[in-house]
>>> print(open('coords_38.pdb').read())   # PDB, C-alpha atoms
MODEL        1
ATOM      1  CA  GLN A   1     -16.087  20.848  18.622
ATOM      2  CA  VAL A   2     -14.789  17.656  17.049
ATOM      3  CA  GLN A   3     -12.045  17.920  14.471
ATOM      4  CA  LEU A   4     -10.226  15.146  12.588
ATOM      5  CA  VAL A   5      -7.002  16.028  10.799
ATOM      6  CA  GLU A   6      -5.260  13.563   8.506
ATOM      7  CA  SER A   7      -1.582  13.704   7.632
ATOM      8  CA  GLY A   8       1.134  11.489   6.185
ATOM      9  CA  GLY A   9       0.033  11.339   2.580
ATOM     10  CA  GLY A  10       2.395  11.881  -0.305
ATOM     11  CA  GLU A  11       3.867  10.330  -3.401
ATOM     12  CA  VAL A  12       5.564   6.958  -3.254
ATOM     13  CA  GLN A  13       6.796   4.387  -5.742
ATOM     14  CA  PRO A  14       5.034   1.044  -6.178
ATOM     15  CA  GLY A  15       6.086  -1.341  -3.444
ATOM     16  CA  GLY A  16       6.701   1.486  -1.000
ATOM     17  CA  SER A  17       5.094   2.296   2.332
ATOM     18  CA  LEU A  18       3.312   5.194   3.982
ATOM     19  CA  ARG A  19       1.776   5.721   7.393
ATOM     20  CA  LEU A  20      -1.254   7.945   7.597
ATOM     21  CA  SER A  21      -2.277   9.627  10.835
ATOM     22  CA  CYS A  22      -5.624  11.015  11.924
ATOM     23  CA  SER A  23      -5.430  13.279  14.940
ATOM     24  CA  ALA A  24      -8.717  13.799  16.745
ATOM     25  CA  SER A  25      -9.666  16.696  18.983
ATOM     26  CA  GLY A  26     -12.884  17.122  20.907
ATOM     27  CA  PHE A  27     -15.131  14.527  22.520
ATOM     28  CA  ILE A  28     -17.296  12.164  20.486
ATOM     29  CA  PRO A  29     -20.210  10.777  22.515
ATOM     30  CA  ASN A  30     -20.739   7.021  22.207
ATOM     31  CA  LEU A  31     -17.729   6.555  19.938
ATOM     32  CA  TYR A  32     -17.853   3.007  18.559
ATOM     33  CA  ALA A  33     -15.953   2.924  15.268
ATOM     34  CA  MET A  34     -12.986   4.625  13.653
ATOM     35  CA  SER A  35     -12.267   4.026  10.000
ATOM     36  CA  TRP A  36     -10.203   4.893   6.963
ATOM     37  CA  TYR A  37     -11.908   5.459   3.630
ATOM     38  CA  ARG A  38     -10.493   6.413   0.264
ATOM     39  CA  GLN A  39     -11.787   7.966  -2.898
ATOM     40  CA  ALA A  40     -10.063   7.712  -6.237
ATOM     41  CA  PRO A  41     -10.870  10.100  -9.107
ATOM     42  CA  GLY A  42     -14.169   9.201 -10.704
ATOM     43  CA  LYS A  43     -14.951   6.546  -8.126
ATOM     44  CA  GLU A  44     -17.110   6.345  -5.041
ATOM     45  CA  ARG A  45     -15.644   6.618  -1.581
ATOM     46  CA  GLU A  46     -14.891   3.168  -0.208
ATOM     47  CA  LEU A  47     -14.074   1.666   3.151
ATOM     48  CA  VAL A  48     -10.446   0.620   3.577
ATOM     49  CA  ALA A  49     -10.266  -0.407   7.227
ATOM     50  CA  ARG A  50     -12.342  -0.119  10.396
ATOM     51  CA  LEU A  51     -11.546  -0.429  14.082
ATOM     52  CA  LEU A  52     -14.292  -1.062  16.645
ATOM     53  CA  THR A  53     -13.570   0.724  19.906
ATOM     54  CA  ARG A  54     -15.413  -1.708  22.205
ATOM     55  CA  ASP A  55     -12.892  -4.498  21.642
ATOM     56  CA  GLY A  56     -10.282  -3.177  19.209
ATOM     57  CA  SER A  57     -11.318  -5.611  16.501
ATOM     58  CA  THR A  58     -10.489  -4.647  12.938
ATOM     59  CA  GLN A  59     -12.000  -5.162   9.507
ATOM     60  CA  TYR A  60     -10.370  -4.649   6.127
ATOM     61  CA  ALA A  61     -11.423  -4.337   2.541
ATOM     62  CA  ASP A  62     -10.148  -7.236   0.446
ATOM     63  CA  SER A  63      -7.810  -4.821  -1.345
ATOM     64  CA  ALA A  64      -6.192  -3.865   1.971
ATOM     65  CA  LYS A  65      -5.868  -7.252   3.651
ATOM     66  CA  ASP A  66      -2.284  -8.374   4.334
ATOM     67  CA  ARG A  67      -0.905  -4.972   3.243
ATOM     68  CA  PHE A  68      -2.540  -2.354   5.476
ATOM     69  CA  ALA A  69      -2.922  -2.135   9.245
ATOM     70  CA  ILE A  70      -5.225   0.148  11.226
ATOM     71  CA  THR A  71      -4.185   1.003  14.768
ATOM     72  CA  ARG A  72      -5.046   3.532  17.435
ATOM     73  CA  ASP A  73      -2.954   5.319  20.024
ATOM     74  CA  TYR A  74      -5.343   6.091  22.858
ATOM     75  CA  THR A  75      -2.850   8.320  24.641
ATOM     76  CA  LYS A  76      -2.450  10.569  21.597
ATOM     77  CA  ASN A  77      -6.058  10.226  20.417
ATOM     78  CA  THR A  78      -4.688   9.344  16.997
ATOM     79  CA  LEU A  79      -5.705   6.761  14.430
ATOM     80  CA  TYR A  80      -3.123   5.321  12.040
ATOM     81  CA  LEU A  81      -3.104   3.442   8.763
ATOM     82  CA  GLN A  82       0.146   1.694   7.932
ATOM     83  CA  MET A  83       0.199   0.958   4.229
ATOM     84  CA  ASN A  84       2.770  -1.414   2.774
ATOM     85  CA  ILE A  85       3.442  -2.826  -0.688
ATOM     86  CA  LEU A  86       1.583   0.094  -2.211
ATOM     87  CA  LYS A  87       0.185  -0.248  -5.709
ATOM     88  CA  PRO A  88      -0.832   2.371  -8.293
ATOM     89  CA  GLU A  89      -4.466   1.430  -7.662
ATOM     90  CA  ASP A  90      -4.063   2.610  -4.062
ATOM     91  CA  THR A  91      -3.837   6.170  -5.374
ATOM     92  CA  ALA A  92      -6.669   8.143  -3.798
ATOM     93  CA  VAL A  93      -7.586  10.733  -1.209
ATOM     94  CA  TYR A  94      -7.707   8.986   2.165
ATOM     95  CA  TYR A  95     -10.175  10.091   4.815
ATOM     96  CA  CYS A  96     -10.598   9.153   8.428
ATOM     97  CA  LYS A  97     -14.040   8.818   9.938
ATOM     98  CA  SER A  98     -15.196   8.487  13.524
ATOM     99  CA  VAL A  99     -18.720   7.400  14.391
ATOM    100  CA  GLY A 100     -20.457   7.996  17.670
ATOM    101  CA  ASP A 101     -23.459  10.236  18.110
ATOM    102  CA  ARG A 102     -22.916  11.038  14.435
ATOM    103  CA  ALA A 103     -20.283  10.590  11.779
ATOM    104  CA  TYR A 104     -17.279  12.883  11.698
ATOM    105  CA  TRP A 105     -14.925  13.154   8.732
ATOM    106  CA  GLY A 106     -11.488  14.587   8.214
ATOM    107  CA  GLN A 107     -10.532  16.705   5.218
ATOM    108  CA  GLY A 108      -8.486  13.968   3.546
ATOM    109  CA  THR A 109      -4.877  13.416   2.566
ATOM    110  CA  GLN A 110      -3.666  12.578  -0.937
ATOM    111  CA  VAL A 111      -1.776   9.346  -1.568
ATOM    112  CA  THR A 112      -0.191   8.898  -4.973
ATOM    113  CA  VAL A 113       1.547   5.674  -5.963
ATOM    114  CA  SER A 114       3.495   6.136  -9.155
ATOM    115  CA  SER A 115       6.809   5.237 -10.706
TER     116      SER A 115
ENDMDL
END
>>> encode(input="coords_38.pdb", output="structure tokens")
Amino acid sequence: QVQLVESGGGEVQPGGSLRLSCSASGFIPNLYAMSWYRQAPGKERELVARLLTRDGSTQYADSAKDRFAITRDYTKNTLYLQMNILKPEDTAVYYCKSVGDRAYWGQGTQVTVSS
């Protein structure tokens, strides 16, 4: 059974940094993409960053470019999102998603950016 568990969220001041982790257990057939999404109150869930497993290439939302970095530790089966220069508008619940035979989602971790 596949399970994704996010951690690393919390409250941080504007300009601060956080690193989110998504620990995966279980085998995902035909895994081809791992991503971070976020959902702010009253807004739709949106893609933040994506990593393609075939070549490790990455894609970012415009709001995340130059501030966030998505990486993967194959040995620990963990996906990361390093977030720097955080802004109040980054406040949201962050979810990891893995796509293979189907999409798998974690339960989310809250990130709050506030002074």
>>> residues_around(input="coords_38.pdb", residues="Leu47 in chain A", least_positions_apart="5", cutoff="12 Å", atoms="only C-alpha atoms", output="list in words")
Met34, Ser35, Trp36, Tyr37, Arg38, Gln39, Ala40, Gln59, Tyr60, Ala61, Asp62, Ser63, Ala64, Val93, Tyr94, Tyr95, Cys96 and Lys97 of chain A
>>> axis_aligned_box(input="coords_38.pdb", around="range 16-29 of chain A", padding_each_side="5 Å", output="lines of an AutoDock Vina configuration file")
center_x = -6.8
center_y = 9.3
center_z = 10.8
size_x = 36.9
size_y = 25.6
size_z = 33.5
>>> residues_around(input="coords_38.pdb", residues="range 21-30 of chain A", least_positions_apart="5", cutoff="9 Å", atoms="only C-alpha atoms", output="list in words")
Gln1, Val2, Gln3, Leu4, Val5, Glu6, Ser7, Gly8, Gly9, Lys76, Asn77, Thr78, Leu79, Tyr80, Leu81, Gln82, Tyr95, Cys96, Lys97, Ser98, Val99, Gly100, Asp101, Arg102, Tyr104 and Gly106 of chain A
>>> residues_around(input="coords_38.pdb", residues="range 51-57 of chain A", least_positions_apart="3", cutoff="8 Å", atoms="all atoms listed in the file", output="PDB file with C-alpha atoms, in the coordinates of the input")
ATOM      1  CA  LEU A  31     -17.729   6.555  19.938  1.00  0.00           C
ATOM      2  CA  TYR A  32     -17.853   3.007  18.559  1.00  0.00           C
ATOM      3  CA  ALA A  33     -15.953   2.924  15.268  1.00  0.00           C
ATOM      4  CA  MET A  34     -12.986   4.625  13.653  1.00  0.00           C
ATOM      5  CA  SER A  35     -12.267   4.026  10.000  1.00  0.00           C
ATOM      6  CA  ILE A  70      -5.225   0.148  11.226  1.00  0.00           C
ATOM      7  CA  THR A  71      -4.185   1.003  14.768  1.00  0.00           C
TER       8      THR A  71
END
>>> atom_distance(input="coords_38.pdb", atom1="CA of Thr91 in chain A", atom2="CA of Ala49 in chain A")
15.6 Å
>>> atom_distance(input="coords_38.pdb", atom1="CA of Val111 in chain A", atom2="CA of Gly10 in chain A")
5.0 Å
>>> resolve_selection(input="coords_38.pdb", expression="the PyMOL selection byres ((chain A and resi 90) around 8)", output="MDAnalysis selection string")
chainID A and resid 86:89 91:92 111:113
>>> atom_distance(input="coords_38.pdb", atom1="CA of Arg19 in chain A", atom2="CA of Asp73 in chain A")
13.5 Å
>>> closest_residue(input="coords_38.pdb", among="A:Lys43, A:Gly108, A:Asn84, A:Ala103", to="Gly15 in chain A", atoms="only C-alpha atoms")
A:Asn84
>>> closest_residue(input="coords_38.pdb", among="A:Ile85, A:Arg67, A:Thr109, A:Arg50", to="Val12 in chain A", atoms="all atoms listed in the file")
A:Ile85
